[in-house]
Every structure is written in C-alpha cells, then in structure tokens.
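Notes follow the structure.
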Amino acid sequence: MLQKPKSVKLRALRSPRKFGVAGRSCQEVLHKGCLRFQLPERGSRLCLYEDGTELTEDYFPSVPDNAELVLLTSGQAWQGYVSDIGRFLSAFHEPHAGLVQAAQQLLCDEQAPQRQRLLADLLHNVSQNIAAETRAEDPPWFEGLESRFQNKSGYLRYSCESRIRSYLREVSSYPSLVGAEAQEEFLRVLGSMCQKLRSVQYNGSYFDRGAKGGGRLCTPEGWFSCQGPFDMDSCLSRHSINPYSNRESRILFSTWNLDHIIEKKRTIIPTLVEAIKEQDGREVDWEYFYGLLFTSENLKLVHIVCHKKTIHKLNCDPNRIYKPQPRLKRKRPVRKR
C-alpha cells in the first residue's frame with residue numbers, strides 16, 4: 001500500500017462523467033469508485049482507459065498520477081480507444097447498417113489487431129496534440145522535465161540512452177570476476193563496446209520517432225507496441241502506447257521495460273566472463289555480445305504487465321562466442337626441376 005494517496009480520473013463504462021478519486025491501493029480506488037457511481041463492488045475491476053490493461057495491486061504503484069481509468073462491472077469489457085470507436089459506430093441508424101457491418105467486420109477478422117491500432121492512432125490524433133514536437137507547441141507535455149529538454153524526440157532519445165548506459169554500467173562492474181590475468185582482455189572488450197555505443201549515440205534512436213525506420217521501435221507518429229512476452233505474440237494487439245501524445249502517456253511509457261530475450265545477468269554477462277577466462281588463444285567476438293547487450297537484436301520493448309520475472313531459458317550461440325580462426329594454408333612442396 002502506498003504511503004501517499006494516488007489521484008486518478010475515474011469513469012464508468014456507460015457514463016460520460018469523470019470523477020477525481022484518490023487512494024493508496026487499487027482496492028481503495030475501486031471501493032470509492034463503486035460508491036461514487038453506485039455500482040456493486042463485487043465482481044468489479046479497474047483498467048486503463050488508454051489500452052484496457054487491467055489494474056492489479058502490483059501494477060497500481062506504477063500508474064501515473066491523474067491517469068484515466070475505467071470502472072467495469074462483472075461481464076463488462078474495455079479494449080481501450082477501440083471501444084470508443086465501437087460506441088461511435090453503434091450510434092448509426094438503420095440507413096447506415098451496411099457501413100456498421102463493414103466496420104464491425106474490420107474489427108473482428110484476423111487482421112483486427114493491426115486495424116485496431118490504426119484506428120486507435122486516428123482517434124488519438126483527433127483528441128491529442130500528438131503532432132506537436134517542441135516545448136512551445138505543447139507545454140503540458142514537458143511539465144516536470146528539466147528546461148534543457150526543448151523537444152519531445154530529444155527527451156525520449158535521452159530516456160533510451162539512459163537505459164542503454166545503465167546496461168553498460170552493469171557490464172563495467174564485472175572486471176574483478178575474471179581474475180588478474182584476464183582483466184586486460186575484459187577491459188579491451190569493454191572499451192570496444194564503449195566506442196561502438198558512442199558512435200551510435202547509445203542507440204537513442206530506438207525511441208525517436210524522427211529516426212529512420214530501421215533505427216526506431218515506433219511508427220513515424222510515435223506509436224510503440226509491446227513485443228512480449230517472448231513465447232507468444234498475442235500481446236502485440238493488446239498493448240500500445242504513444243508517449244508523444246501527452247504527459248500522462250510519457251510517464252506511463254517509462255514503466256515499459258526494454259528487456260533482454262537472452263537474459264543479461266543470468267546468461268550474457270556470465271558467458272562473456274567465462275569466454276574471456278577460457279579463450280586459450282582464441283579471440284572473443286565482442287560484437288556478438290555487444291548485439292545481445294545493447295541492440296534490438298536481443299532487446300525487446302515490453303509492457304510492464306507482460307514482463308515475466310522468470311528465466312527465459314535461452315543461451316548464447318556457442319558458435320558465435322569466438323571469432324572464426326583463419327585456416328592455415330598448407331604449403332605445397334616445391335617441385336624439383
């Protein structure tokens with residue numbers, strides 16, 4: 001339970017009205033919301049208005065202040081912005097039955113997840129200052145940030161760079177584990193990684209919607225989709241966010257994890273340490289480990305609800321740990337004339 005109450009904006013599924021509610025726990029907010037809307041507490045639950053993520057006590061502390069929540073009773077469902085689109089379509093009368101049927105089909109077939117995301121993007125563009133980029137164009141977005149950040153892309157680049165730098169600091173704390181004899185080689189590998197990261201600006205482009213397509217993880221408008229969990233792809237349609245849209249989404253995006261598929265602490269770093277200790281004349285392929293530690297080759301953006309605190313049970317490729325050794329050419333015997 002939180003020491004300080006968290007304030008949220010709460011609405012019921014079929015009510016246009018929103019109320020401010022404060023509570024130290026998910027259950028307390030739910031209780032107050034049910035009293036406010038005169039709804040039964042039994043079977044009711046809370047979810048994020050933006051994408052329909054259901055709130056739990058563990059997730060509640062990560063929800064930003066003034067987040068918009070939807071109160072659902074038993075049997076009700078909310079899929080985020082897409083649900084608002086459905087309500088819009090239901091307002092059409094019989095002369096537009098064909099249009100309604102066609103739109104409903106678009107939201108129900110096998111391509112529905114992609115279309116839902118596009119419709120959500122459209123709806124959000126209408127209601128938010130999503131195209132604004134500078135502090136002058138969207139002052140509320142920058143509330144709470146240092147004055148040195150003057151555009152959205154610049155701040156989100158910094159956010160991504162900070163995550164990558166934290167991974168580098170973790171790797172930098174391991175030289176003492178390889179022993180005195182191998183420390184020089186470890187520092188050489190670490191130096192090569194540092195130089196590579198500086199040359200690509202710590203891959204900050206991953207969060208920059210203005211970067212080239214291959215260098216970012218979002219759409220040109222700034223939409224990110226959850227890439228986890230790693231053993232299934234169902235989440236790709238359920239969780240998406242645009243941190244460029246408003247301050248609330250920017251804060252919520254900070255709770256998403258840039259997660260390693262092959263785990264950093266349990267697998268990658270121990271394998272690197274062992275490879276340096278046991279290289280026996282072979283050259284460690286630092287670029288392979290660099291890719292696993294710091295690039296989208298092994299990093300995936302994951303919604304906090306889909307972040308599994310379990311062992312992924314994936315190992316480094318044993319054939320890529322060391323660089324291939326050049327084959328020695330056999331000298332042909334000189335023929336006597």
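Residues are named by chain letter and number: chains run A, B, ... in the order of the structure tokens, numbers start at 1 in each chain, and ligands are numbered from 1 in the order shown.
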Residue neighbourhood Ser153 of chain A, 10 Å, only C-alpha atoms, exclusion window fewer than 3 positions, as a list of chain:residue names: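 Those residues are A:Glu133, A:Thr134, A:Phe149, A:Gln150, A:Leu156, A:Arg157, A:Tyr158, A:Ser159, A:Gly204, A:Ser205, A:Phe207, A:Asp208, A:Arg209, A:Gly210, A:Ala211, A:Gly222, A:Pro243, A:Tyr244.
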Same residues, C-alpha atoms, output as a compact mmCIF listing (two decimals), in the first residue's frame:
```txt
# COMPACT_ATOMS: atom_id res chain seq x y z
CA GLU A 133 7.18 18.42 -31.03
CA THR A 134 8.56 21.43 -29.15
CA PHE A 149 14.69 19.40 -22.94
CA GLN A 150 13.11 21.52 -25.67
CA LEU A 156 12.79 10.30 -25.43
CA ARG A 157 16.21 9.80 -27.03
CA TYR A 158 17.75 10.70 -23.67
CA SER A 159 15.39 8.24 -21.95
CA GLY A 204 18.82 6.57 -28.51
CA SER A 205 17.14 6.48 -31.93
CA PHE A 207 12.67 5.92 -29.02
CA ASP A 208 12.96 8.74 -31.60
CA ARG A 209 10.01 8.87 -33.99
CA GLY A 210 12.06 11.10 -36.30
CA ALA A 211 14.77 8.48 -36.81
CA GLY A 222 5.38 7.74 -32.23
CA PRO A 243 4.48 8.71 -25.29
CA TYR A 244 4.50 11.70 -27.65
```
All helix (DSSP H, G or I) residues (DSSP, backbone) inside segment 120-321 of chain A, as a PyMOL selection string: chain A and resi 120-127+139-142+152-172+175-177+180-199+201-207+213-215+234-237+247-253+264-277+286-294+304-306
At most 8 Å is the cut-off: for each residue in segment 209-324 of chain A with any atom that close to an atom of segment 48-65 of chain A, write down the nearest atom pair and the distance in Å rounded to one decimal, counting only C-alpha atoms, chain first then increasing number, as JSON lines.
```
{"residue": "A:Arg238", "atom": "CA", "partner": "A:Asp51", "partner_atom": "CA", "distance": 7.0}
{"residue": "A:His239", "atom": "CA", "partner": "A:Asp51", "partner_atom": "CA", "distance": 6.0}
{"residue": "A:Ser240", "atom": "CA", "partner": "A:Asp51", "partner_atom": "CA", "distance": 6.8}
{"residue": "A:Ile241", "atom": "CA", "partner": "A:Asp51", "partner_atom": "CA", "distance": 7.7}
{"residue": "A:Glu248", "atom": "CA", "partner": "A:Pro64", "partner_atom": "CA", "distance": 6.6}
{"residue": "A:Ile251", "atom": "CA", "partner": "A:Pro64", "partner_atom": "CA", "distance": 6.3}
{"residue": "A:Leu252", "atom": "CA", "partner": "A:Pro64", "partner_atom": "CA", "distance": 6.2}
{"residue": "A:Thr255", "atom": "CA", "partner": "A:Ser62", "partner_atom": "CA", "distance": 6.6}
{"residue": "A:Ile304", "atom": "CA", "partner": "A:Tyr59", "partner_atom": "CA", "distance": 7.9}
{"residue": "A:Val305", "atom": "CA", "partner": "A:Tyr59", "partner_atom": "CA", "distance": 7.5}
```
Contact residues around Leu145 of chain A with only C-alpha atoms at 12 Å, ignoring same-chain residues under 2 positions, as a PyMOL selection string: chain A and resi 135+139-143+147-152+154-156+158-159+247+250-251
Please produce an output containing C-alpha atoms for each residue in the selection, written as a short mmCIF file (atom, residue, chain, number, x, y, z; two decimals), in the first residue's frame.
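selection-v6.cif written:
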```cif
data_model
loop_
_atom_site.label_atom_id
_atom_site.label_comp_id
_atom_site.auth_asym_id
_atom_site.auth_seq_id
_atom_site.Cartn_x
_atom_site.Cartn_y
_atom_site.Cartn_z
CA ARG A 135 8.05 22.78 -25.65
CA PRO A 139 3.90 23.00 -22.72
CA PRO A 140 1.89 20.48 -20.59
CA TRP A 141 3.85 17.56 -22.06
CA PHE A 142 7.09 18.96 -20.60
CA GLU A 143 5.78 19.55 -17.07
CA SER A 147 14.41 23.06 -19.04
CA ARG A 148 17.22 21.66 -21.21
CA PHE A 149 14.69 19.40 -22.94
CA GLN A 150 13.11 21.52 -25.67
CA ASN A 151 11.58 18.84 -27.91
CA LYS A 152 9.87 15.50 -27.34
CA GLY A 154 15.19 14.80 -27.68
CA TYR A 155 13.82 13.78 -24.29
CA LEU A 156 12.79 10.30 -25.43
CA TYR A 158 17.75 10.70 -23.67
CA SER A 159 15.39 8.24 -21.95
CA ARG A 247 2.31 13.93 -20.31
CA ARG A 250 5.04 9.90 -21.41
CA ILE A 251 5.14 8.95 -17.72
#
```
Selection: 12 Å around Cys34 of chain A, only C-alpha atoms, excl. self and same-chain fewer than 2 positions, as an NGL selection string: :A and (10-13 or 19 or 21 or 27-32 or 36-46 or 70-73)
